[in-house]
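Student: Contents are mmCIF, C-alpha atoms; file name run.cif:
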data_model
loop_
_atom_site.label_atom_id
_atom_site.label_comp_id
_atom_site.auth_asym_id
_atom_site.auth_seq_id
_atom_site.Cartn_x
_atom_site.Cartn_y
_atom_site.Cartn_z
CA MET P 155 60.19 80.18 70.16
CA ALA P 156 63.82 80.76 69.29
CA SER P 157 65.74 82.40 72.06
CA ILE P 158 69.17 83.90 72.54
CA HIS P 159 71.28 83.83 75.67
CA VAL P 160 72.32 87.21 77.01
CA ASP P 161 75.16 87.92 79.43
CA ILE P 162 75.74 91.47 80.62
CA VAL P 163 78.82 91.82 82.82
CA SER P 164 81.03 94.64 84.06
CA ALA P 165 84.47 94.32 85.64
CA GLU P 166 82.91 94.73 89.06
CA GLY P 167 80.10 92.23 88.80
CA GLN P 168 77.53 90.35 86.78
CA ILE P 169 74.61 92.53 85.77
CA HIS P 170 72.27 90.21 83.91
CA SER P 171 72.22 86.69 82.55
CA GLY P 172 69.33 84.90 80.89
CA GLU P 173 67.39 83.99 77.76
CA ALA P 174 65.79 86.63 75.58
CA GLN P 175 63.73 87.10 72.42
CA MET P 176 65.60 90.15 71.33
CA VAL P 177 68.36 92.46 72.54
CA PHE P 178 68.86 96.12 71.68
CA ALA P 179 72.22 97.75 72.28
CA PRO P 180 73.67 101.21 71.62
CA ALA P 181 76.48 100.32 69.20
CA GLU P 182 78.95 102.89 68.01
CA MET P 183 77.42 102.98 64.53
CA GLY P 184 73.87 103.27 65.82
CA GLU P 185 71.53 101.16 67.86
CA VAL P 186 71.43 97.49 66.92
CA GLY P 187 68.69 94.97 67.51
CA ILE P 188 69.78 91.36 67.81
CA ALA P 189 67.42 88.47 67.23
CA PRO P 190 68.35 84.80 67.63
CA ARG P 191 70.70 83.44 64.92
CA HIS P 192 72.20 86.79 64.25
CA THR P 193 75.46 86.60 62.33
CA PRO P 194 78.62 86.96 64.47
CA LEU P 195 79.24 90.60 65.21
CA LEU P 196 81.81 92.47 67.23
CA THR P 197 81.35 96.14 67.96
CA LYS P 198 81.96 98.88 70.47
CA LEU P 199 79.17 100.26 72.59
CA VAL P 200 78.58 103.88 73.43
CA PRO P 201 77.03 104.98 76.75
CA GLY P 202 73.33 104.21 76.73
CA ALA P 203 70.72 101.61 77.57
CA VAL P 204 70.91 97.93 76.67
CA ARG P 205 67.35 96.62 76.43
CA VAL P 206 66.59 92.95 76.85
CA LYS P 207 63.21 91.62 75.73
CA ALA P 208 62.64 88.53 77.83
CA LEU P 209 60.79 85.41 76.65
CA ASP P 210 57.57 86.50 78.37
CA GLY P 211 57.64 89.77 76.46
CA SER P 212 58.69 91.97 79.38
CA GLU P 213 61.51 94.37 78.77
CA GLN P 214 64.43 95.25 81.02
CA SER P 215 66.89 98.11 80.57
CA PHE P 216 70.46 98.29 81.76
CA PHE P 217 72.63 101.35 81.54
CA VAL P 218 76.12 100.79 80.21
CA GLY P 219 78.83 103.44 80.08
CA GLY P 220 80.34 101.98 76.93
CA GLY P 221 81.99 98.64 76.34
CA ILE P 222 82.05 95.75 73.91
CA LEU P 223 79.23 93.83 72.26
CA GLU P 224 79.91 90.34 70.98
CA VAL P 225 77.26 88.41 69.11
CA GLN P 226 77.34 84.71 68.32
CA PRO P 227 74.29 83.00 66.77
CA HIS P 228 72.92 81.93 70.16
CA LEU P 229 74.85 84.15 72.48
CA VAL P 230 75.08 87.85 73.17
CA THR P 231 77.82 89.11 75.47
CA VAL P 232 77.88 92.68 76.66
CA LEU P 233 81.18 93.59 78.33
CA ALA P 234 80.28 96.85 79.99
CA ASP P 235 82.87 99.36 81.14
CA SER P 236 82.59 99.94 84.83
CA ALA P 237 83.48 103.58 84.62
CA LEU P 238 82.96 106.38 82.17
CA ARG P 239 86.22 106.84 80.37
CA ALA P 240 87.64 109.41 78.10
CA LYS P 241 90.76 108.93 76.05
CA ASP P 242 92.55 111.85 77.69
CA ALA P 243 91.69 110.44 81.11
CA ASP P 244 93.64 107.28 80.26
CA GLU P 245 96.59 109.33 79.04
CA ALA P 246 96.56 111.42 82.20
CA ALA P 247 96.46 108.30 84.35
CA ALA P 248 99.42 106.83 82.47
CA LEU P 249 101.38 110.01 82.92
CA ALA P 250 100.57 110.08 86.63
CA ALA P 251 101.74 106.49 87.05
CA LYS P 252 105.03 107.30 85.32
CA GLN P 253 105.55 110.40 87.40
CA SER P 254 104.87 108.63 90.65
CA ALA P 255 107.47 106.03 89.65
CA GLU P 256 110.03 108.74 89.08
CA GLU P 257 109.25 110.57 92.30
CA LYS P 258 109.16 107.52 94.51
CA LEU P 259 112.30 106.00 93.13
CA ALA P 260 114.38 109.13 92.91
CA GLY P 261 117.84 108.26 94.15
CA ALA P 262 117.42 104.55 93.57
CA LYS P 263 120.12 102.79 91.62
CA GLY P 264 119.47 101.87 88.01
CA ASP P 265 120.33 98.22 88.17
CA ILE P 266 118.84 95.63 90.44
CA ASP P 267 121.30 94.32 92.95
CA LEU P 268 120.33 90.69 92.70
CA ALA P 269 122.86 89.43 95.22
CA LYS P 270 121.56 91.85 97.80
CA ALA P 271 117.99 90.87 97.01
CA GLN P 272 118.80 87.21 97.37
CA ALA P 273 120.43 87.82 100.74
CA GLU P 274 117.44 89.79 101.95
CA LEU P 275 115.05 87.13 100.79
CA ILE P 276 117.00 84.39 102.53
CA GLU P 277 116.97 86.42 105.71
CA ALA P 278 113.25 87.04 105.48
CA ALA P 279 112.58 83.38 104.79
CA ALA P 280 114.69 82.36 107.76
CA ARG P 281 112.80 84.78 109.94
CA LEU P 282 109.54 83.32 108.75
CA GLN P 283 110.72 79.81 109.45
CA PHE P 284 111.76 80.88 112.92
CA VAL P 285 108.34 82.29 113.64
CA GLN P 286 106.70 79.14 112.37
CA LYS P 287 108.90 77.06 114.64
CA LEU P 288 107.93 79.22 117.57
CA LYS P 289 104.34 78.54 116.68
CA ASN P 290 104.76 74.75 116.66
CA PRO P 291 107.21 73.83 119.43
CA SER P 292 106.92 70.15 118.46
CA HIS P 293 109.09 70.86 115.41
CA ARG P 294 111.79 72.47 117.48
CA MET K 234 111.12 90.01 145.69
CA PRO K 235 113.70 90.65 142.98
CA GLY K 236 112.53 91.40 139.47
CA SER K 237 108.85 90.84 140.15
CA LYS K 238 107.89 94.32 139.11
CA GLU K 239 109.75 93.95 135.81
CA ILE K 240 107.96 90.69 135.10
CA ARG K 241 104.59 92.23 135.86
CA THR K 242 105.29 95.15 133.51
CA LYS K 243 106.39 92.72 130.83
CA ILE K 244 103.22 90.65 131.19
CA LYS K 245 101.14 93.76 130.89
CA SER K 246 102.89 94.91 127.74
CA VAL K 247 102.57 91.48 126.10
CA LYS K 248 98.88 91.51 126.99
CA ASN K 249 98.49 94.86 125.28
CA THR K 250 100.23 93.53 122.18
CA GLN K 251 97.93 90.55 122.24
CA LYS K 252 94.92 92.82 122.32
CA ILE K 253 96.17 94.61 119.23
CA THR K 254 96.94 91.46 117.29
CA ARG K 255 93.59 89.99 118.22
CA ALA K 256 91.79 93.10 117.00
CA MET K 257 93.78 93.03 113.76
CA GLU K 258 92.87 89.40 113.27
CA LYS K 259 89.17 90.17 113.62
CA VAL K 260 89.40 93.14 111.26
CA ALA K 261 91.28 91.09 108.68
CA MET K 262 88.70 88.34 108.96
CA SER K 263 85.78 90.59 108.10
CA LYS K 264 87.74 92.38 105.37
CA MET K 265 88.74 89.05 103.91
CA ARG K 266 85.13 88.02 103.47
CA LYS K 267 84.36 91.21 101.60
CA ALA K 268 87.48 90.89 99.48
CA GLN K 269 86.53 87.35 98.56
CA ASP K 270 83.07 88.51 97.54
CA ARG K 271 84.59 91.15 95.30
CA MET K 272 86.85 88.52 93.78
CA ALA K 273 83.84 86.37 92.99
CA GLN K 274 81.97 89.33 91.52
CA ALA K 275 84.75 90.17 89.11
CA ARG K 276 85.02 86.62 87.84
CA PRO K 277 82.10 86.69 85.33
CA TYR K 278 83.65 89.57 83.38
CA ALA K 279 87.03 87.87 83.23
CA GLU K 280 85.40 84.66 82.06
CA LYS K 281 83.23 86.33 79.44
CA ILE K 282 86.01 88.42 77.96
CA ARG K 283 88.16 85.31 77.86
CA ARG K 284 85.40 83.51 75.99
CA THR K 285 85.04 86.39 73.55
CA LEU K 286 88.78 86.36 72.99
CA GLY K 287 88.64 82.63 72.39
CA HIS K 288 86.03 83.24 69.70
CA ILE K 289 88.14 85.97 68.16
CA ALA K 290 91.18 83.68 68.09
CA GLN K 291 89.17 81.14 66.12
CA ALA K 292 87.67 83.60 63.69
CA ASN K 293 89.41 83.71 60.33
CA ALA K 294 90.29 87.30 60.77
CA GLU K 295 91.95 89.15 57.93
CA TYR K 296 93.70 91.25 60.53
CA VAL K 297 96.10 89.99 63.20
CA HIS K 298 96.70 92.25 66.15
CA PRO K 299 100.29 92.73 67.41
CA PHE K 300 99.10 91.72 70.92
CA MET K 301 98.61 88.21 69.58
CA VAL K 302 101.92 87.81 67.79
CA GLU K 303 104.85 86.20 69.51
CA ARG K 304 108.16 87.97 68.98
CA PRO K 305 111.66 87.31 70.34
CA ALA K 306 112.00 88.75 73.83
CA LYS K 307 114.71 91.37 73.88
CA ARG K 308 113.09 93.45 76.60
CA VAL K 309 110.47 92.30 79.02
CA GLY K 310 107.88 94.15 81.07
CA LEU K 311 107.03 92.85 84.51
CA ILE K 312 104.08 93.99 86.61
CA ILE K 313 104.51 93.15 90.29
CA ILE K 314 101.49 93.29 92.57
CA THR K 315 101.95 93.47 96.34
CA SER K 316 99.99 94.76 99.28
CA ASP K 317 100.24 98.32 100.55
CA ARG K 318 100.72 97.31 104.15
CA GLY K 319 102.82 94.78 105.96
CA LEU K 320 102.08 92.42 108.85
CA ALA K 321 100.77 89.88 106.41
CA GLY K 322 103.14 86.99 107.03
CA GLY K 323 105.15 85.79 104.09
CA LEU K 324 102.78 87.10 101.42
CA ASN K 325 104.95 89.77 99.84
CA VAL K 326 108.22 87.96 100.49
CA ASN K 327 106.93 85.01 98.51
CA THR K 328 105.84 87.29 95.67
CA PHE K 329 109.27 88.91 95.58
CA ARG K 330 110.91 85.51 95.53
CA VAL K 331 109.05 84.57 92.34
CA ALA K 332 109.73 87.98 90.80
CA LEU K 333 113.44 87.82 91.60
CA LYS K 334 113.73 84.36 90.16
CA ALA K 335 112.30 85.67 86.90
CA LEU K 336 114.54 88.74 87.06
CA ARG K 337 117.61 86.58 87.54
CA GLU K 338 116.70 84.32 84.63
CA TYR K 339 116.26 87.29 82.33
CA LYS K 340 119.48 88.84 83.56
CA ASP K 341 121.36 85.65 82.71
CA LYS K 342 119.89 85.86 79.22
CA ASN K 343 120.89 89.53 78.95
CA VAL K 344 117.29 90.61 78.67
CA ASP K 345 116.38 93.98 80.15
CA VAL K 346 113.38 94.13 82.41
CA GLU K 347 111.07 97.08 82.84
CA LEU K 348 109.11 97.06 86.08
CA ALA K 349 105.66 98.34 86.89
CA LEU K 350 104.86 98.20 90.60
CA ILE K 351 101.46 98.08 92.24
CA GLY K 352 101.42 98.37 96.03
CA ASN K 353 103.56 100.20 98.56
CA LYS K 354 105.60 97.19 99.54
CA ALA K 355 106.87 96.62 96.01
CA VAL K 356 107.77 100.29 95.66
CA ALA K 357 109.69 100.29 98.94
CA TYR K 358 111.44 97.04 98.05
CA PHE K 359 112.63 98.14 94.63
CA LYS K 360 113.56 101.54 95.92
CA ARG K 361 116.16 99.82 98.03
CA LEU K 362 117.22 97.35 95.37
CA GLY K 363 117.09 99.61 92.39
CA GLY K 364 115.71 98.54 89.07
CA ASN K 365 114.25 100.00 85.95
CA VAL K 366 110.84 101.08 87.22
CA THR K 367 108.57 102.82 84.73
CA ALA K 368 105.26 103.04 86.56
CA THR K 369 103.92 102.70 90.09
CA GLN K 370 100.57 102.80 91.78
CA THR K 371 100.05 102.69 95.52
CA HIS K 372 97.34 103.22 98.12
CA LEU K 373 94.67 101.19 96.43
CA GLY K 374 92.81 100.75 99.71
CA ASP K 375 90.61 97.83 100.60
CA ARG K 376 88.43 98.29 97.57
CA PRO K 377 90.73 98.53 94.56
CA HIS K 378 89.08 100.19 91.60
CA LEU K 379 89.84 99.62 87.96
CA ASP K 380 90.30 103.36 87.45
CA GLN K 381 93.30 103.34 89.74
CA LEU K 382 95.06 100.73 87.65
CA LEU K 383 94.50 102.17 84.19
CA GLY K 384 97.60 104.35 84.31
CA VAL K 385 100.01 101.54 85.04
CA ILE K 386 98.36 99.25 82.51
CA LYS K 387 98.48 101.89 79.80
CA VAL K 388 102.17 102.57 80.36
CA MET K 389 102.96 98.90 79.88
CA THR K 390 100.64 98.22 76.93
CA ASP K 391 101.93 101.36 75.22
CA ALA K 392 105.48 100.12 75.75
CA TYR K 393 104.47 96.87 74.10
CA ARG K 394 102.81 98.64 71.20
CA GLU K 395 105.85 100.82 70.63
CA GLY K 396 108.11 97.78 70.77
CA ARG K 397 109.97 98.87 73.89
CA ILE K 398 109.02 95.56 75.48
CA ASP K 399 108.35 92.28 73.69
CA ARG K 400 106.58 90.46 76.46
CA LEU K 401 104.49 91.50 79.45
CA LEU K 402 104.43 89.39 82.57
CA LEU K 403 102.55 89.65 85.84
CA VAL K 404 103.56 88.46 89.30
CA SER K 405 100.96 88.33 92.05
CA SER K 406 99.56 86.12 94.76
CA THR K 407 96.75 83.80 93.82
CA PHE K 408 94.13 82.79 96.31
CA VAL K 409 94.04 79.03 96.85
CA ASN K 410 92.20 79.06 100.16
CA THR K 411 92.24 81.01 103.39
CA MET K 412 95.41 79.33 104.58
CA THR K 413 97.24 79.16 101.26
CA GLN K 414 98.21 81.92 98.88
CA ARG K 415 100.47 81.06 96.01
CA PRO K 416 102.62 83.58 94.15
CA GLN K 417 102.35 83.14 90.42
CA LEU K 418 104.03 84.42 87.29
CA ARG K 419 101.72 84.79 84.31
CA GLN K 420 102.12 86.04 80.78
CA LEU K 421 99.80 88.83 79.73
CA LEU K 422 101.27 89.76 76.36
CA PRO K 423 101.39 88.39 73.78
CA VAL K 424 98.01 86.91 74.55
CA GLU K 425 98.19 83.15 74.61
CA PRO K 426 95.45 81.71 72.41
CA VAL K 427 92.49 80.42 74.35
CA GLN K 428 90.53 77.60 72.79
CA ASP K 429 87.65 76.41 74.89
CA GLU K 430 84.98 75.41 72.43
CA LYS K 431 84.71 74.48 68.82
CA LEU K 432 82.83 76.79 66.52
CA LEU K 433 82.06 76.51 62.84
CA ALA K 434 85.07 76.05 60.63
CA HIS K 435 84.91 79.13 58.43
CA TRP K 436 83.47 82.30 59.72
CA ASP K 437 84.43 85.78 60.73
CA TYR K 438 82.82 88.59 62.58
CA ILE K 439 81.19 91.59 61.12
CA TYR K 440 83.40 94.23 62.65
CA GLU K 441 81.90 97.61 63.23
CA PRO K 442 83.66 99.88 62.48
CA THR K 443 87.10 98.35 61.76
CA PRO K 444 88.79 95.12 62.91
CA ALA K 445 91.99 96.91 63.91
CA GLY K 446 90.38 99.41 66.23
CA LEU K 447 88.01 96.86 67.69
CA LEU K 448 90.57 94.18 68.41
CA ASP K 449 92.77 96.78 70.01
CA PHE K 450 89.88 97.84 72.21
CA VAL K 451 88.95 94.28 73.19
CA LEU K 452 92.53 93.28 73.94
CA GLN K 453 93.15 96.40 75.99
CA ARG K 454 90.04 95.60 78.03
CA TYR K 455 91.21 92.02 78.37
CA ILE K 456 94.58 93.03 79.80
CA GLU K 457 92.83 95.48 82.11
CA SER K 458 90.49 92.83 83.38
CA GLN K 459 93.38 90.43 83.96
CA VAL K 460 95.32 92.98 85.98
CA TYR K 461 92.23 94.06 87.89
CA GLN K 462 91.42 90.45 88.69
CA ALA K 463 94.98 89.92 89.93
CA VAL K 464 94.82 93.03 92.10
CA ILE K 465 91.58 92.12 93.84
CA GLU K 466 92.76 88.57 94.25
CA ASN K 467 95.90 89.94 95.83
CA ALA K 468 93.76 92.04 98.17
CA ALA K 469 91.90 88.91 99.30
CA CYS K 470 95.24 87.15 99.77
CA GLU K 471 96.54 90.05 101.83
CA GLN K 472 93.62 89.93 104.24
CA SER K 473 93.69 86.18 104.68
CA ALA K 474 97.47 86.15 105.10
CA ARG K 475 97.16 88.88 107.70
CA MET K 476 94.41 87.03 109.48
CA VAL K 477 96.57 83.91 109.75
CA ALA K 478 99.65 85.88 110.78
CA MET K 479 97.75 87.78 113.46
CA LYS K 480 96.15 84.62 114.76
CA SER K 481 99.54 83.03 115.26
CA ALA K 482 100.83 86.25 116.83
CA THR K 483 97.93 86.18 119.29
CA ASP K 484 98.63 82.53 120.11
CA ASN K 485 102.31 83.26 120.59
CA ALA K 486 101.52 86.15 122.91
CA GLY K 487 99.34 83.80 124.94
CA LYS K 488 102.22 81.38 125.29
CA ILE K 489 104.61 84.08 126.34
CA ILE K 490 102.16 85.31 128.94
CA THR K 491 101.79 81.79 130.38
CA ASN K 492 105.56 81.43 130.60
CA LEU K 493 106.02 84.83 132.22
CA GLN K 494 103.23 84.15 134.67
CA MET K 495 104.96 80.90 135.64
CA ILE K 496 108.25 82.69 136.24
CA TYR K 497 106.48 85.38 138.21
CA ASN K 498 104.69 82.82 140.42
CA LYS K 499 107.91 80.93 141.04
CA ALA K 500 109.73 84.08 142.04
CA ARG K 501 106.91 85.02 144.37
CA GLN K 502 106.85 81.54 145.92
CA ALA K 503 110.62 81.59 146.36
CA SER K 504 110.56 84.93 148.14
CA ILE K 505 107.78 83.79 150.48
CA THR K 506 109.65 80.58 151.32
CA LYS K 507 112.77 82.59 151.97
CA GLU K 508 110.94 84.97 154.30
CA ILE K 509 109.40 82.11 156.27
CA SER K 510 112.72 80.34 156.68
CA GLU K 511 114.27 83.62 157.84
CA ILE K 512 111.54 84.10 160.45
CA VAL K 513 111.84 80.51 161.63
CA GLY K 514 115.61 80.83 161.75
CA GLY K 515 115.31 84.07 163.72
CA ALA K 516 112.86 82.52 166.21
CA ALA K 517 115.13 79.52 166.76
CA ALA K 518 118.06 81.82 167.50
CA VAL K 519 116.08 83.56 170.27
#
Please lay out the structure from this file as structure tokens.

Tutor:
Amino acid sequence: MASIHVDIVSAEGQIHSGEAQMVFAPAEMGEVGIAPRHTPLLTKLVPGAVRVKALDGSEQSFFVGGGILEVQPHLVTVLADSALRAKDADEAAALAAKQSAEEKLAGAKGDIDLAKAQAELIEAAARLQFVQKLKNPSHR
Amino acid sequence: MPGSKEIRTKIKSVKNTQKITRAMEKVAMSKMRKAQDRMAQARPYAEKIRRTLGHIAQANAEYVHPFMVERPAKRVGLIIITSDRGLAGGLNVNTFRVALKALREYKDKNVDVELALIGNKAVAYFKRLGGNVTATQTHLGDRPHLDQLLGVIKVMTDAYREGRIDRLLLVSSTFVNTMTQRPQLRQLLPVEPVQDEKLLAHWDYIYEPTPAGLLDFVLQRYIESQVYQAVIENAACEQSARMVAMKSATDNAGKIITNLQMIYNKARQASITKEISEIVGGAAAV
């Protein structure tokens, strides 16, 4: 029997990997069913269940909160989002990151003082070397 | 017995320090294991999205996304990832060294650099040095979450989309093994083409709904996964660097205690000898 390899992963871990007869996924334009030798397809997923029909006929369901579905003739990859995300949530997060930059660096000079940085780095490196020497007296 | 009390107090205080460093070493050790696990767990996603991107790069797409087009670098974005806390040996110093080298090179070429900082140490460092910082994120904790990073990533990818920066780079520590962490500078944008496997010569995806929106989505996720991967790798580096630093601190404290104990014993011996000779001298005089 023809089979298709399925990988379901999220940013925080692998969820499922194995061979299947058929895969059903909640694509943005409606649920799609993928059989082996499906034509290459790339689409977004909406929150819902990805169902994998294994070779022995048993079916497993995995919840995904959205993500990407990539289909190659013998390979299905589901890149699941690890968190539920709304567009405004991303915008708000971006704004917060910008604001925190402004708050934290208020009063800082606009241009990087490279000479000062270099001096500080050299000092820190020397200090590190010193500690390492202390650790191995044979190098003293 | 001159100074013996001072020496005893000193020994006691070094012992206390040793207790603290030893405890920190143990804590870092157990946290390191967890951090390494998390690093391993995130790897499949990074690999799979890389593979997908490799496929996309080979597809004869009618649409080319700006994230994949090289353009002359007039302004550059740099994401610097450090730890939130110190006492981790040379970890952050080494990261800064790589970052500053890049900054200096771009300064020589008259290229402006926009910074995005992740981690308290980077924020504190560039607060002192100054610099054009557009986004920061701190207090990620031991279990960094992708949600916490989205803001910083979006600021930088938006800057790239709007043409405010022409290249996006990332500096962070990479985990070689428990003893070795190596700071590394990587390019995130434009995405360098990945070509792992050969597919059929002429084909393209069916894109649902549109190639533009989809590629944008995939590439955004790709950048996110790269940054997330770097952050959790950095967390594992932090713990192992701290473990090593605290181990050497504990060893050093042990050495100091031995030395002090020696001095203390000598002083005690000397005072006893002196007392005896005084008594003997006194008895002889009578």

Student: Please identify every residue of chain K that has at least one atom no more than 6 Å from any atom of chain P, counting all atoms listed in the file, and report them as a PyMOL selection string.

Tutor: chain K and resi 274-275+278+360+362-365+367-369+384-385+387-388+438-441

Student: Might you pull out every residue within 6 Å of Ser473 (chain K), with all atoms listed in the file counted and same-chain residues fewer than 3 positions away left off, and present them as a list of chain:residue names?

Tutor: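 So, after excluding close chain neighbours, the residues are K:Met265, K:Thr411, K:Cys470, K:Met476.
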
Student: Distance cut-off 12 Å, centre (106.8, 85.8, 98.5) in file coordinates, counting all atoms listed in the file: which residues qualify? Return them as an MDAnalysis selection string.

Tutor: (chainID P and resid 274:276 278:279 282) or (chainID K and resid 313:316 321:334 354:355 404:407 413:418 467 470:471 474)

Student: Residues within 9 Å of region 171-177 of chain P, please, as a ChimeraX atom specification. Count all atoms listed in the file; anything in the same chain fewer than 2 positions from it doesn't count.

Tutor: /P:155-163,168-169,179,186-190,204-211,230

Student: Using only C-alpha atoms, which residues sit within 8 Å of Leu320 (chain K) once same-chain residues fewer than 2 positions away are excluded, as a list of chain:residue names?

Tutor: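 Answer for this query is K:Arg318, K:Gly322, K:Arg475, K:Ala478, K:Met479.
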
Student: Here's the selection I'm unsure about, the PyMOL selection byres ((chain K and resi 489) around 12); applied to the file above, which residues does it give, as a PyMOL selection string?

Tutor: (chain P and resi 288-289) or (chain K and resi 240+243-248+250-251+482-488+490-496)

Student: Store the residues picked out above, limited to C-alpha atoms, as a short mmCIF file (atom, residue, chain, number, x, y, z; two decimals), keeping the file's coordinate frame.

Tutor:
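Written output follows (result_39.cif):
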data_model
loop_
_atom_site.label_atom_id
_atom_site.label_comp_id
_atom_site.auth_asym_id
_atom_site.auth_seq_id
_atom_site.Cartn_x
_atom_site.Cartn_y
_atom_site.Cartn_z
CA LEU P 288 107.93 79.22 117.57
CA LYS P 289 104.34 78.54 116.68
CA ILE K 240 107.96 90.69 135.10
CA LYS K 243 106.39 92.72 130.83
CA ILE K 244 103.22 90.65 131.19
CA LYS K 245 101.14 93.76 130.89
CA SER K 246 102.89 94.91 127.74
CA VAL K 247 102.57 91.48 126.10
CA LYS K 248 98.88 91.51 126.99
CA THR K 250 100.23 93.53 122.18
CA GLN K 251 97.93 90.55 122.24
CA ALA K 482 100.83 86.25 116.83
CA THR K 483 97.93 86.18 119.29
CA ASP K 484 98.63 82.53 120.11
CA ASN K 485 102.31 83.26 120.59
CA ALA K 486 101.52 86.15 122.91
CA GLY K 487 99.34 83.80 124.94
CA LYS K 488 102.22 81.38 125.29
CA ILE K 490 102.16 85.31 128.94
CA THR K 491 101.79 81.79 130.38
CA ASN K 492 105.56 81.43 130.60
CA LEU K 493 106.02 84.83 132.22
CA GLN K 494 103.23 84.15 134.67
CA MET K 495 104.96 80.90 135.64
CA ILE K 496 108.25 82.69 136.24
#

Student: Could you check which of K:Ala357, K:Leu447, K:Val346, K:Ala517 is closest to Val297 (chain K), using all atoms listed in the file?

Tutor: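 The answer is K:Leu447, which sits nearest to Val297 (chain K).
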
Student: Just the number, please: distance in Å from CA of Ala203 (chain P) to CA of Ile465 (chain K), one decimal.

Tutor: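 These atoms are spaced 28.1 Å apart.
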
Student: When you draw a straight line from CA of Asp449 (chain K) to CA of Pro180 (chain P), how long is it in Å?

Tutor: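 Between CA of Asp449 (chain K) and CA of Pro180 (chain P) the gap is 19.7 Å.
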
Student: Region 497-511 of chain K, all listed atoms, 3 Å padding on each side: what axis-aligned box centre and edge lengths in Å to one decimal come out, as JSON?

Tutor:
{"center_x": 109.5, "center_y": 82.9, "center_z": 148.0, "size_x": 15.6, "size_y": 11.0, "size_z": 25.6}

Student: How far is it from CA of Phe408 (chain K) to CA of Ala273 (chain P), in Å with one decimal?

Tutor: 27.1 Å

Student: I would like the residues chosen by the PyMOL selection byres ((chain K and resi 375) around 9) on the shown file; could you give them as a list in words?

Tutor: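 Applied to this file, the PyMOL selection byres ((chain K and resi 375) around 9) selects Lys264, Ala268, His372, Leu373, Gly374, Arg376, Pro377, Ile465 and Ala468 of chain K.
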
Student: If I only want region 164-177 of chain P, can you write it with N, CA and C atoms, as a PDB file, in the first residue's frame?

Tutor:
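Heads up, here's the output in out12.pdb:
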ATOM      1  N   SER P 164       5.963  21.388  16.473  1.00  0.00           N
ATOM      2  CA  SER P 164       5.739  22.762  16.899  1.00  0.00           C
ATOM      3  C   SER P 164       7.083  23.275  17.387  1.00  0.00           C
ATOM      4  N   ALA P 165       7.162  24.588  17.585  1.00  0.00           N
ATOM      5  CA  ALA P 165       8.447  25.202  17.970  1.00  0.00           C
ATOM      6  C   ALA P 165       8.967  24.588  19.255  1.00  0.00           C
ATOM      7  N   GLU P 166       8.084  24.058  20.092  1.00  0.00           N
ATOM      8  CA  GLU P 166       8.532  23.571  21.381  1.00  0.00           C
ATOM      9  C   GLU P 166       8.637  22.055  21.457  1.00  0.00           C
ATOM     10  N   GLY P 167       8.544  21.376  20.331  1.00  0.00           N
ATOM     11  CA  GLY P 167       8.764  19.942  20.363  1.00  0.00           C
ATOM     12  C   GLY P 167       8.143  19.210  19.191  1.00  0.00           C
ATOM     13  N   GLN P 168       8.584  17.973  19.007  1.00  0.00           N
ATOM     14  CA  GLN P 168       8.020  17.135  17.959  1.00  0.00           C
ATOM     15  C   GLN P 168       6.723  16.531  18.477  1.00  0.00           C
ATOM     16  N   ILE P 169       5.695  16.537  17.647  1.00  0.00           N
ATOM     17  CA  ILE P 169       4.405  16.029  18.106  1.00  0.00           C
ATOM     18  C   ILE P 169       4.147  14.634  17.552  1.00  0.00           C
ATOM     19  N   HIS P 170       4.436  14.455  16.271  1.00  0.00           N
ATOM     20  CA  HIS P 170       4.180  13.153  15.665  1.00  0.00           C
ATOM     21  C   HIS P 170       5.082  12.973  14.459  1.00  0.00           C
ATOM     22  N   SER P 171       5.508  11.762  14.228  1.00  0.00           N
ATOM     23  CA  SER P 171       6.290  11.459  13.029  1.00  0.00           C
ATOM     24  C   SER P 171       6.036  10.012  12.664  1.00  0.00           C
ATOM     25  N   GLY P 172       5.667   9.747  11.419  1.00  0.00           N
ATOM     26  CA  GLY P 172       5.429   8.371  11.020  1.00  0.00           C
ATOM     27  C   GLY P 172       4.772   8.267   9.658  1.00  0.00           C
ATOM     28  N   GLU P 173       4.535   7.027   9.226  1.00  0.00           N
ATOM     29  CA  GLU P 173       3.896   6.790   7.937  1.00  0.00           C
ATOM     30  C   GLU P 173       2.378   6.809   8.102  1.00  0.00           C
ATOM     31  N   ALA P 174       1.688   7.163   7.035  1.00  0.00           N
ATOM     32  CA  ALA P 174       0.235   7.208   7.098  1.00  0.00           C
ATOM     33  C   ALA P 174      -0.364   6.876   5.740  1.00  0.00           C
ATOM     34  N   GLN P 175      -1.663   6.484   5.783  1.00  0.00           N
ATOM     35  CA  GLN P 175      -2.406   6.265   4.539  1.00  0.00           C
ATOM     36  C   GLN P 175      -2.926   7.577   4.013  1.00  0.00           C
ATOM     37  N   MET P 176      -3.324   8.412   4.973  1.00  0.00           N
ATOM     38  CA  MET P 176      -4.063   9.613   4.599  1.00  0.00           C
ATOM     39  C   MET P 176      -3.928  10.618   5.751  1.00  0.00           C
ATOM     40  N   VAL P 177      -3.908  11.894   5.391  1.00  0.00           N
ATOM     41  CA  VAL P 177      -3.831  12.940   6.415  1.00  0.00           C
ATOM     42  C   VAL P 177      -4.911  13.968   6.127  1.00  0.00           C
TER      43      VAL P 177
END
